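For reference, data-v5.pdb (PDB, C-alpha atoms):
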```
ATOM      1  CA  MET C   1     -73.301 -98.889 -81.363
ATOM      2  CA  ARG C   2     -72.759 -96.358 -78.647
ATOM      3  CA  ALA C   3     -72.134 -92.716 -79.508
ATOM      4  CA  ALA C   4     -68.552 -91.637 -79.937
ATOM      5  CA  ARG C   5     -66.865 -89.921 -77.024
ATOM      6  CA  VAL C   6     -66.289 -86.294 -77.985
ATOM      7  CA  ASN C   7     -65.562 -84.743 -74.630
ATOM      8  CA  ARG C   8     -61.787 -84.907 -74.514
ATOM      9  CA  GLU C   9     -58.761 -84.139 -76.639
ATOM     10  CA  ARG C  10     -56.580 -86.891 -78.020
ATOM     11  CA  PRO C  11     -52.988 -86.379 -79.180
ATOM     12  CA  TYR C  12     -53.481 -87.827 -82.683
ATOM     13  CA  LEU C  13     -56.294 -85.327 -83.385
ATOM     14  CA  GLN C  14     -53.669 -82.619 -83.483
ATOM     15  CA  GLY C  15     -51.987 -81.720 -86.747
ATOM     16  CA  ILE C  16     -54.790 -82.843 -89.100
ATOM     17  CA  THR C  17     -54.640 -80.832 -92.326
ATOM     18  CA  GLY C  18     -57.490 -78.348 -92.448
ATOM     19  CA  VAL C  19     -58.355 -78.689 -88.744
ATOM     20  CA  HIS C  20     -57.335 -75.618 -86.777
ATOM     21  CA  PRO C  21     -55.999 -76.224 -83.247
ATOM     22  CA  SER C  22     -58.452 -75.878 -80.362
ATOM     23  CA  LYS C  23     -56.222 -75.268 -77.363
ATOM     24  CA  GLN C  24     -58.512 -73.553 -74.874
ATOM     25  CA  PRO C  25     -61.277 -75.506 -73.081
ATOM     26  CA  ARG C  26     -64.010 -73.271 -74.500
ATOM     27  CA  SER C  27     -62.697 -73.620 -78.040
ATOM     28  CA  LEU C  28     -62.385 -77.371 -77.650
ATOM     29  CA  ALA C  29     -65.926 -77.576 -76.291
ATOM     30  CA  LYS C  30     -67.287 -75.767 -79.353
ATOM     31  CA  ARG C  31     -65.339 -78.021 -81.684
ATOM     32  CA  ASN C  32     -66.701 -81.073 -79.880
ATOM     33  CA  ALA C  33     -70.226 -79.661 -80.154
ATOM     34  CA  LEU C  34     -69.743 -79.336 -83.918
ATOM     35  CA  VAL C  35     -68.485 -82.918 -84.123
ATOM     36  CA  ALA C  36     -71.461 -84.233 -82.136
ATOM     37  CA  ALA C  37     -73.811 -82.216 -84.341
ATOM     38  CA  GLY C  38     -72.259 -83.643 -87.498
ATOM     39  CA  LEU C  39     -72.652 -87.191 -86.224
ATOM     40  CA  ARG C  40     -76.310 -86.592 -85.387
ATOM     41  CA  LEU C  41     -77.064 -85.042 -88.770
ATOM     42  CA  LEU C  42     -75.380 -87.827 -90.731
ATOM     43  CA  ARG C  43     -77.852 -90.286 -89.267
ATOM     44  CA  THR C  44     -80.597 -88.699 -91.381
ATOM     45  CA  LYS C  45     -78.822 -86.675 -94.108
ATOM     46  CA  SER C  46     -76.167 -87.421 -96.679
ATOM     47  CA  PHE C  47     -72.892 -85.538 -96.383
ATOM     48  CA  ASP C  48     -73.781 -83.476 -99.454
ATOM     49  CA  GLU C  49     -77.185 -82.563 -98.016
ATOM     50  CA  MET C  50     -75.633 -81.516 -94.717
ATOM     51  CA  THR C  51     -74.501 -77.912 -95.090
ATOM     52  CA  ILE C  52     -72.117 -76.041 -92.830
ATOM     53  CA  GLY C  53     -75.111 -73.945 -91.816
ATOM     54  CA  HIS C  54     -76.941 -77.094 -90.723
ATOM     55  CA  ILE C  55     -73.962 -78.225 -88.678
ATOM     56  CA  ALA C  56     -73.577 -74.858 -86.973
ATOM     57  CA  GLU C  57     -77.291 -74.568 -86.228
ATOM     58  CA  GLU C  58     -77.427 -78.097 -84.793
ATOM     59  CA  ALA C  59     -74.425 -77.307 -82.582
ATOM     60  CA  GLY C  60     -75.834 -73.957 -81.446
ATOM     61  CA  CYS C  61     -72.910 -72.124 -83.033
ATOM     62  CA  SER C  62     -72.373 -69.687 -85.881
ATOM     63  CA  VAL C  63     -70.976 -70.546 -89.297
ATOM     64  CA  GLY C  64     -67.974 -68.436 -88.319
ATOM     65  CA  THR C  65     -67.375 -70.767 -85.374
ATOM     66  CA  PHE C  66     -67.174 -73.674 -87.810
ATOM     67  CA  TYR C  67     -64.652 -71.923 -90.053
ATOM     68  CA  ALA C  68     -62.576 -70.935 -87.047
ATOM     69  CA  ARG C  69     -62.003 -74.654 -86.467
ATOM     70  CA  PHE C  70     -62.221 -76.278 -89.899
ATOM     71  CA  GLU C  71     -60.973 -75.188 -93.294
ATOM     72  CA  ASP C  72     -63.836 -76.957 -95.078
ATOM     73  CA  LYS C  73     -66.298 -79.844 -94.867
ATOM     74  CA  GLU C  74     -63.691 -82.364 -96.047
ATOM     75  CA  ALA C  75     -61.445 -81.545 -93.070
ATOM     76  CA  PHE C  76     -64.523 -81.865 -90.840
ATOM     77  CA  LEU C  77     -65.242 -85.307 -92.304
ATOM     78  CA  ILE C  78     -61.698 -86.471 -91.598
ATOM     79  CA  LEU C  79     -62.013 -85.357 -87.979
ATOM     80  CA  LEU C  80     -65.371 -87.130 -87.635
ATOM     81  CA  GLN C  81     -63.666 -90.328 -88.743
ATOM     82  CA  GLU C  82     -60.767 -89.863 -86.343
ATOM     83  CA  TYR C  83     -63.142 -89.446 -83.407
ATOM     84  CA  LEU C  84     -65.209 -92.479 -84.302
ATOM     85  CA  PHE C  85     -62.494 -94.847 -85.395
ATOM     86  CA  SER C  86     -60.078 -94.093 -82.574
ATOM     87  CA  ALA C  87     -62.822 -95.054 -80.122
ATOM     88  CA  GLN C  88     -63.345 -98.288 -82.054
ATOM     89  CA  VAL C  89     -59.667 -99.201 -81.792
ATOM     90  CA  GLU C  90     -59.640 -98.385 -78.064
ATOM     91  CA  ASP C  91     -62.708-100.574 -77.560
ATOM     92  CA  ALA C  92     -61.186-103.464 -79.531
ATOM     93  CA  ARG C  93     -57.946-103.346 -77.568
ATOM     94  CA  GLN C  94     -59.847-103.504 -74.296
ATOM     95  CA  LYS C  95     -62.386-106.099 -75.414
ATOM     96  CA  PHE C  96     -60.036-108.500 -77.216
ATOM     97  CA  LEU C  97     -57.084-108.832 -74.862
ATOM     98  CA  PRO C  98     -55.806-112.350 -75.714
ATOM     99  CA  GLU C  99     -55.324-113.326 -72.073
ATOM    100  CA  ALA C 100     -59.002-112.591 -71.356
ATOM    101  CA  TRP C 101     -60.071-114.991 -74.130
ATOM    102  CA  GLN C 102     -57.795-117.946 -73.422
ATOM    103  CA  GLN C 103     -60.637-120.136 -72.177
ATOM    104  CA  ILE C 104     -63.075-119.112 -74.904
ATOM    105  CA  GLU C 105     -63.610-121.540 -77.779
ATOM    106  CA  ALA C 106     -62.572-120.382 -81.259
ATOM    107  CA  GLU C 107     -66.166-120.578 -82.543
ATOM    108  CA  ASP C 108     -67.431-118.232 -79.821
ATOM    109  CA  ALA C 109     -64.506-115.854 -80.304
ATOM    110  CA  ILE C 110     -65.169-115.657 -84.057
ATOM    111  CA  GLU C 111     -68.825-114.825 -83.465
ATOM    112  CA  ALA C 112     -67.953-112.051 -80.997
ATOM    113  CA  ILE C 113     -65.404-110.593 -83.406
ATOM    114  CA  VAL C 114     -67.700-110.615 -86.424
ATOM    115  CA  ARG C 115     -70.492-108.957 -84.471
ATOM    116  CA  PHE C 116     -68.041-106.354 -83.169
ATOM    117  CA  VAL C 117     -66.863-105.558 -86.703
ATOM    118  CA  ILE C 118     -70.456-105.237 -87.908
ATOM    119  CA  GLU C 119     -71.158-102.736 -85.120
ATOM    120  CA  THR C 120     -68.223-100.589 -86.257
ATOM    121  CA  PHE C 121     -70.222 -99.925 -89.435
ATOM    122  CA  ARG C 122     -73.542 -99.112 -87.761
ATOM    123  CA  GLY C 123     -74.971 -96.180 -85.805
ATOM    124  CA  ASP C 124     -72.915 -93.002 -86.085
ATOM    125  CA  ALA C 125     -70.389 -94.792 -88.266
ATOM    126  CA  GLU C 126     -72.782 -95.615 -91.104
ATOM    127  CA  GLY C 127     -73.264 -92.073 -92.389
ATOM    128  CA  VAL C 128     -69.634 -91.140 -91.809
ATOM    129  CA  LEU C 129     -68.350 -94.184 -93.669
ATOM    130  CA  ARG C 130     -70.748 -93.626 -96.558
ATOM    131  CA  ALA C 131     -69.572 -90.027 -96.880
ATOM    132  CA  ALA C 132     -65.909 -91.022 -96.699
ATOM    133  CA  LEU C 133     -66.359 -93.742 -99.317
ATOM    134  CA  VAL C 134     -68.167 -91.454-101.754
ATOM    135  CA  HIS C 135     -65.830 -88.476-101.381
ATOM    136  CA  SER C 136     -62.602 -90.491-101.333
ATOM    137  CA  ALA C 137     -63.155 -91.217-105.032
ATOM    138  CA  ALA C 138     -62.077 -87.636-105.748
ATOM    139  CA  LYS C 139     -59.861 -87.157-102.681
ATOM    140  CA  PRO C 140     -58.295 -90.482-101.638
ATOM    141  CA  GLU C 141     -56.822 -88.993 -98.462
ATOM    142  CA  ILE C 142     -60.345 -88.773 -97.013
ATOM    143  CA  TRP C 143     -60.394 -92.588 -96.695
ATOM    144  CA  GLU C 144     -57.065 -92.805 -94.876
ATOM    145  CA  PRO C 145     -58.510 -92.802 -91.297
ATOM    146  CA  ALA C 146     -60.819 -95.702 -92.183
ATOM    147  CA  ARG C 147     -58.042 -97.610 -93.949
ATOM    148  CA  ARG C 148     -55.656 -97.179 -91.026
ATOM    149  CA  THR C 149     -58.322 -98.194 -88.513
ATOM    150  CA  GLY C 150     -59.191-101.303 -90.497
ATOM    151  CA  ARG C 151     -55.564-102.409 -90.446
ATOM    152  CA  GLU C 152     -55.289-101.818 -86.703
ATOM    153  CA  LEU C 153     -58.465-103.769 -85.985
ATOM    154  CA  VAL C 154     -57.344-106.653 -88.181
ATOM    155  CA  ASP C 155     -54.019-106.848 -86.332
ATOM    156  CA  ILE C 156     -55.851-106.967 -82.986
ATOM    157  CA  ILE C 157     -58.150-109.723 -84.244
ATOM    158  CA  VAL C 158     -55.331-111.797 -85.729
ATOM    159  CA  SER C 159     -53.465-111.650 -82.412
ATOM    160  CA  LEU C 160     -56.528-113.075 -80.659
ATOM    161  CA  LEU C 161     -57.611-115.717 -83.179
ATOM    162  CA  SER C 162     -54.324-117.020 -84.532
ATOM    163  CA  PRO C 163     -53.350-119.022 -81.407
ATOM    164  CA  LYS C 164     -56.834-120.564 -81.311
ATOM    165  CA  LEU C 165     -56.789-121.687 -84.950
ATOM    166  CA  GLY C 166     -53.274-123.066 -85.131
ATOM    167  CA  GLY C 167     -50.355-122.631 -87.462
ATOM    168  CA  GLY C 168     -50.841-120.967 -90.823
ATOM    169  CA  ALA C 169     -54.100-119.280 -89.834
ATOM    170  CA  ASP C 170     -52.969-115.664 -90.091
ATOM    171  CA  GLU C 171     -53.494-115.291 -93.821
ATOM    172  CA  GLN C 172     -56.916-116.913 -93.756
ATOM    173  CA  ILE C 173     -58.007-114.722 -90.855
ATOM    174  CA  ARG C 174     -56.982-111.651 -92.849
ATOM    175  CA  LEU C 175     -58.725-112.952 -95.981
ATOM    176  CA  SER C 176     -61.942-113.666 -94.069
ATOM    177  CA  LEU C 177     -61.879-110.162 -92.582
ATOM    178  CA  GLN C 178     -61.272-108.634 -96.010
ATOM    179  CA  MET C 179     -64.353-110.492 -97.243
ATOM    180  CA  LEU C 180     -66.345-109.264 -94.236
ATOM    181  CA  TYR C 181     -65.247-105.650 -94.690
ATOM    182  CA  GLY C 182     -66.003-105.815 -98.404
ATOM    183  CA  ALA C 183     -69.525-107.084 -97.752
ATOM    184  CA  LEU C 184     -70.189-104.359 -95.181
ATOM    185  CA  ILE C 185     -68.868-101.610 -97.436
ATOM    186  CA  ASN C 186     -71.064-102.891-100.269
ATOM    187  CA  MET C 187     -74.106-102.760 -97.967
ATOM    188  CA  ILE C 188     -73.354 -99.163 -97.008
ATOM    189  CA  LEU C 189     -72.865 -98.008-100.583
ATOM    190  CA  HIS C 190     -75.412-100.042-102.537
ATOM    191  CA  GLU C 191     -77.616-102.232-100.283
ATOM    192  CA  PRO C 192     -77.806-104.855-103.053
ATOM    193  CA  GLY C 193     -79.451-107.491-100.853
ATOM    194  CA  PRO C 194     -80.078-110.017 -99.584
ATOM    195  CA  LEU C 195     -77.775-108.943 -96.735
ATOM    196  CA  LYS C 196     -78.659-105.669 -95.029
ATOM    197  CA  LEU C 197     -76.552-103.722 -92.557
ATOM    198  CA  ASN C 198     -79.209-103.307 -89.878
ATOM    199  CA  ASP C 199     -80.828-106.728 -90.156
ATOM    200  CA  SER C 200     -79.979-109.191 -87.383
ATOM    201  CA  GLY C 201     -80.493-112.125 -89.718
ATOM    202  CA  SER C 202     -77.835-110.717 -92.026
ATOM    203  CA  HIS C 203     -75.467-110.433 -89.070
ATOM    204  CA  SER C 204     -75.969-114.124 -88.282
ATOM    205  CA  SER C 205     -75.327-115.009 -91.931
ATOM    206  CA  LEU C 206     -72.019-113.135 -91.897
ATOM    207  CA  VAL C 207     -71.024-114.884 -88.680
ATOM    208  CA  GLY C 208     -71.758-118.210 -90.352
ATOM    209  CA  VAL C 209     -69.693-117.403 -93.432
ATOM    210  CA  VAL C 210     -66.634-116.348 -91.430
ATOM    211  CA  LYS C 211     -66.931-119.424 -89.208
ATOM    212  CA  ALA C 212     -67.104-121.624 -92.286
ATOM    213  CA  ILE C 213     -63.954-120.054 -93.710
ATOM    214  CA  LEU C 214     -61.938-120.274 -90.505
ATOM    215  CA  LEU C 215     -63.189-123.409 -88.765
ATOM    216  CA  TYR C 216     -63.379-125.639 -91.823
ATOM    217  CA  ARG C 217     -60.355-124.323 -93.671
ATOM    218  CA  HIS C 218     -58.115-126.736 -95.562
ATOM    219  CA  PRO C 219     -54.674-127.254 -94.072
ATOM    220  CA  ALA C 220     -51.988-125.059 -95.630
TER     221      ALA C 220
END
```

Structure re-expressed in structure tokens:
Amino acid sequence: MRAARVNRERPYLQGITGVHPSKQPRSLAKRNALVAAGLRLLRTKSFDEMTIGHIAEEAGCSVGTFYARFEDKEAFLILLQEYLFSAQVEDARQKFLPEAWQQIEAEDAIEAIVRFVIETFRGDAEGVLRAALVHSAAKPEIWEPARRTGRELVDIIVSLLSPKLGGGADEQIRLSLQMLYGALINMILHEPGPLKLNDSGSHSSLVGVVKAILLYRHPA
């Protein structure tokens, strides 16, 4: 998955509890450098291992620069999610415009969607999602950006697939996506096997399961 875009401000990033406004270009640039540093570090460290000092050093800033922009690490984690997940929603809206997929068979559309969803859990997102899952047990609000993004992505996918699968498909599309999300979350938290997040064979298995649910479903 490509790196998140962190070079511009977005309206919904304003007003996040614990994130201090960055109004001037220089201040915004330093905040974006901290975000990029956090994403890089979470590829190799857990959120608990990653200290504010590590983040500041990786970004070429001081610890004071971090605290001038974030109240604490939890607020930083919420902003990391907002950056990543907003880009995912933008990508999905552009990629899955229903009119662009009118001539695509349902089977091919399902495969593209499942592989897209898998990618939203990989790369930069893997460490961020793992941190959000672990820390939301004590602070449920930390998971809100991921929950909201999941709902938005599901709505986009239902709008694309429902006309291809016929009447009564909406609920089964949502159920199949809930199963897919549950499997991916379990891989991130526990890696129980045999499916693994970064194994292409596992990706093909998940595609097959979702196809089986949606293409061979019993009539309502």

Taking only residues of segment 66-177 of chain C that have an atom at most 10 Å from an atom of segment 39-42 of chain C, what is each one's shortest atom pair and its distance in Å to one decimal, using only C-alpha atoms, in chain and number order, as JSON lines?
```
{"residue": "C:Leu77", "atom": "CA", "partner": "C:Leu39", "partner_atom": "CA", "distance": 9.8}
{"residue": "C:Leu80", "atom": "CA", "partner": "C:Leu39", "partner_atom": "CA", "distance": 7.4}
{"residue": "C:Gln81", "atom": "CA", "partner": "C:Leu39", "partner_atom": "CA", "distance": 9.8}
{"residue": "C:Leu84", "atom": "CA", "partner": "C:Leu39", "partner_atom": "CA", "distance": 9.3}
{"residue": "C:Gly123", "atom": "CA", "partner": "C:Leu39", "partner_atom": "CA", "distance": 9.3}
{"residue": "C:Asp124", "atom": "CA", "partner": "C:Leu39", "partner_atom": "CA", "distance": 5.8}
{"residue": "C:Ala125", "atom": "CA", "partner": "C:Leu39", "partner_atom": "CA", "distance": 8.2}
{"residue": "C:Glu126", "atom": "CA", "partner": "C:Leu42", "partner_atom": "CA", "distance": 8.2}
{"residue": "C:Gly127", "atom": "CA", "partner": "C:Leu42", "partner_atom": "CA", "distance": 5.0}
{"residue": "C:Val128", "atom": "CA", "partner": "C:Leu42", "partner_atom": "CA", "distance": 6.7}
{"residue": "C:Leu129", "atom": "CA", "partner": "C:Leu42", "partner_atom": "CA", "distance": 9.9}
{"residue": "C:Arg130", "atom": "CA", "partner": "C:Leu42", "partner_atom": "CA", "distance": 9.4}
{"residue": "C:Ala131", "atom": "CA", "partner": "C:Leu42", "partner_atom": "CA", "distance": 8.7}
```

Do you know which residues the PyMOL selection byres ((chain C and resi 160) around 10) returns on this file, as a list in words?
->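 Checked against the file, the PyMOL selection byres ((chain C and resi 160) around 10) matches Phe96, Leu97, Pro98, Glu99, Ala100, Trp101, Gln102, Ala106, Ala109, Ile110, Ile113, Val154, Asp155, Ile156, Ile157, Val158, Ser159, Leu161, Ser162, Pro163, Lys164 and Leu165 of chain C.
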
Set up a box along x, y and z of the file covering all listed atoms of segment 106-119 of chain C, add 5 Å on every one of the six sides, and write the centre and edge lengths in Å to one decimal, as lines of an AutoDock Vina configuration file.
```
center_x = -66.9
center_y = -111.7
center_z = -83.9
size_x = 18.6
size_y = 27.8
size_z = 18.1
```

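Atom CA of Glu152 of chain C sits 24.3 Å away from atom CA of Ala36 of chain C.
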
Which residues come within 10 Å of segment 58-61 of chain C, counting all atoms listed in the file, excluding same-chain residues fewer than 4 positions away, as a PyMOL selection string?
-> chain C and resi 30-38+40-41+52-54+65-66

Can you work out which one of C:Arg122, C:His20, C:Arg93, C:Arg43 has the shortest atom-to-atom distance to Ala68 of chain C, counting all atoms listed in the file?
->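 Ranked by minimum distance to Ala68 of chain C, first place goes to C:His20.
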
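Nearest to Glu82 of chain C of all the residues C:Ala112, C:Val19, C:Ala183, C:Ile55 is C:Val19, counting all atoms listed in the file.
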
What separation in Å, quoted to one decimal, exists between atom CA of Asp72 of chain C and atom CA of His135 of chain C?
->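 If I compute the distance from atom CA of Asp72 of chain C to atom CA of His135 of chain C, I get 13.3 Å.
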
Just say which residues the PyMOL selection byres ((chain C and resi 189) around 10) picks in this file, as a PyMOL selection string.
-> chain C and resi 126+129-131+133-134+184-188+190-192

If you measure from atom CA of Arg26 of chain C to atom CA of Asp48 of chain C, what distance in Å do you get, rounded to one decimal?
->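 It comes out at 28.7 Å.
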
Compare C:Tyr216, C:Gly208, C:Thr51, C:Gly18 by their minimum atom-to-atom distance to Val63 of chain C, counting only C-alpha atoms, and give me the closest one.
->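 Ranking C:Tyr216, C:Gly208, C:Thr51, C:Gly18 by distance to Val63 of chain C, first place goes to C:Thr51.
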
Could you write out as number ranges by chain the residues that the PyMOL selection byres ((chain C and resi 203) around 12) matches in the shown file?
-> C: 111-119, 121-122, 180, 183-184, 187, 194-202, 204-210

Reconstruct N, CA and C atoms of segment 107-124 of chain C from the incomplete input and present them as an mmCIF file, in the coordinates of the input.
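The resulting rebuild.cif:
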```
data_model
loop_
_atom_site.group_PDB
_atom_site.id
_atom_site.type_symbol
_atom_site.label_atom_id
_atom_site.label_comp_id
_atom_site.auth_asym_id
_atom_site.auth_seq_id
_atom_site.Cartn_x
_atom_site.Cartn_y
_atom_site.Cartn_z
ATOM 1 N N GLU C 107 -64.874 -120.877 -81.914
ATOM 2 C CA GLU C 107 -66.166 -120.578 -82.543
ATOM 3 C C GLU C 107 -66.844 -119.388 -81.874
ATOM 4 N N ASP C 108 -66.810 -119.341 -80.546
ATOM 5 C CA ASP C 108 -67.431 -118.232 -79.821
ATOM 6 C C ASP C 108 -66.646 -116.931 -80.020
ATOM 7 N N ALA C 109 -65.325 -117.039 -80.076
ATOM 8 C CA ALA C 109 -64.506 -115.854 -80.304
ATOM 9 C C ALA C 109 -64.774 -115.267 -81.690
ATOM 10 N N ILE C 110 -64.889 -116.124 -82.696
ATOM 11 C CA ILE C 110 -65.169 -115.657 -84.057
ATOM 12 C C ILE C 110 -66.501 -114.922 -84.096
ATOM 13 N N GLU C 111 -67.514 -115.493 -83.457
ATOM 14 C CA GLU C 111 -68.825 -114.825 -83.465
ATOM 15 C C GLU C 111 -68.753 -113.449 -82.810
ATOM 16 N N ALA C 112 -68.076 -113.344 -81.672
ATOM 17 C CA ALA C 112 -67.953 -112.051 -80.997
ATOM 18 C C ALA C 112 -67.218 -111.046 -81.868
ATOM 19 N N ILE C 113 -66.191 -111.488 -82.555
ATOM 20 C CA ILE C 113 -65.404 -110.593 -83.406
ATOM 21 C C ILE C 113 -66.225 -110.107 -84.592
ATOM 22 N N VAL C 114 -66.907 -111.015 -85.260
ATOM 23 C CA VAL C 114 -67.700 -110.615 -86.424
ATOM 24 C C VAL C 114 -68.781 -109.623 -86.020
ATOM 25 N N ARG C 115 -69.442 -109.879 -84.916
ATOM 26 C CA ARG C 115 -70.492 -108.957 -84.471
ATOM 27 C C ARG C 115 -69.903 -107.611 -84.063
ATOM 28 N N PHE C 116 -68.716 -107.621 -83.491
ATOM 29 C CA PHE C 116 -68.041 -106.354 -83.169
ATOM 30 C C PHE C 116 -67.740 -105.575 -84.449
ATOM 31 N N VAL C 117 -67.187 -106.244 -85.445
ATOM 32 C CA VAL C 117 -66.863 -105.558 -86.703
ATOM 33 C C VAL C 117 -68.120 -104.985 -87.349
ATOM 34 N N ILE C 118 -69.196 -105.743 -87.342
ATOM 35 C CA ILE C 118 -70.456 -105.237 -87.908
ATOM 36 C C ILE C 118 -70.870 -103.945 -87.201
ATOM 37 N N GLU C 119 -70.752 -103.923 -85.879
ATOM 38 C CA GLU C 119 -71.158 -102.736 -85.120
ATOM 39 C C GLU C 119 -70.304 -101.517 -85.455
ATOM 40 N N THR C 120 -69.064 -101.735 -85.890
ATOM 41 C CA THR C 120 -68.223 -100.589 -86.257
ATOM 42 C C THR C 120 -68.709 -99.910 -87.528
ATOM 43 N N PHE C 121 -69.647 -100.511 -88.223
ATOM 44 C CA PHE C 121 -70.222 -99.925 -89.435
ATOM 45 C C PHE C 121 -71.608 -99.323 -89.189
ATOM 46 N N ARG C 122 -72.175 -99.533 -88.019
ATOM 47 C CA ARG C 122 -73.542 -99.112 -87.761
ATOM 48 C C ARG C 122 -73.589 -97.848 -86.908
ATOM 49 N N GLY C 123 -74.801 -97.358 -86.645
ATOM 50 C CA GLY C 123 -74.971 -96.180 -85.805
ATOM 51 C C GLY C 123 -74.315 -94.956 -86.419
ATOM 52 N N ASP C 124 -73.587 -94.206 -85.599
ATOM 53 C CA ASP C 124 -72.915 -93.002 -86.085
ATOM 54 C C ASP C 124 -71.980 -93.298 -87.248
#
```
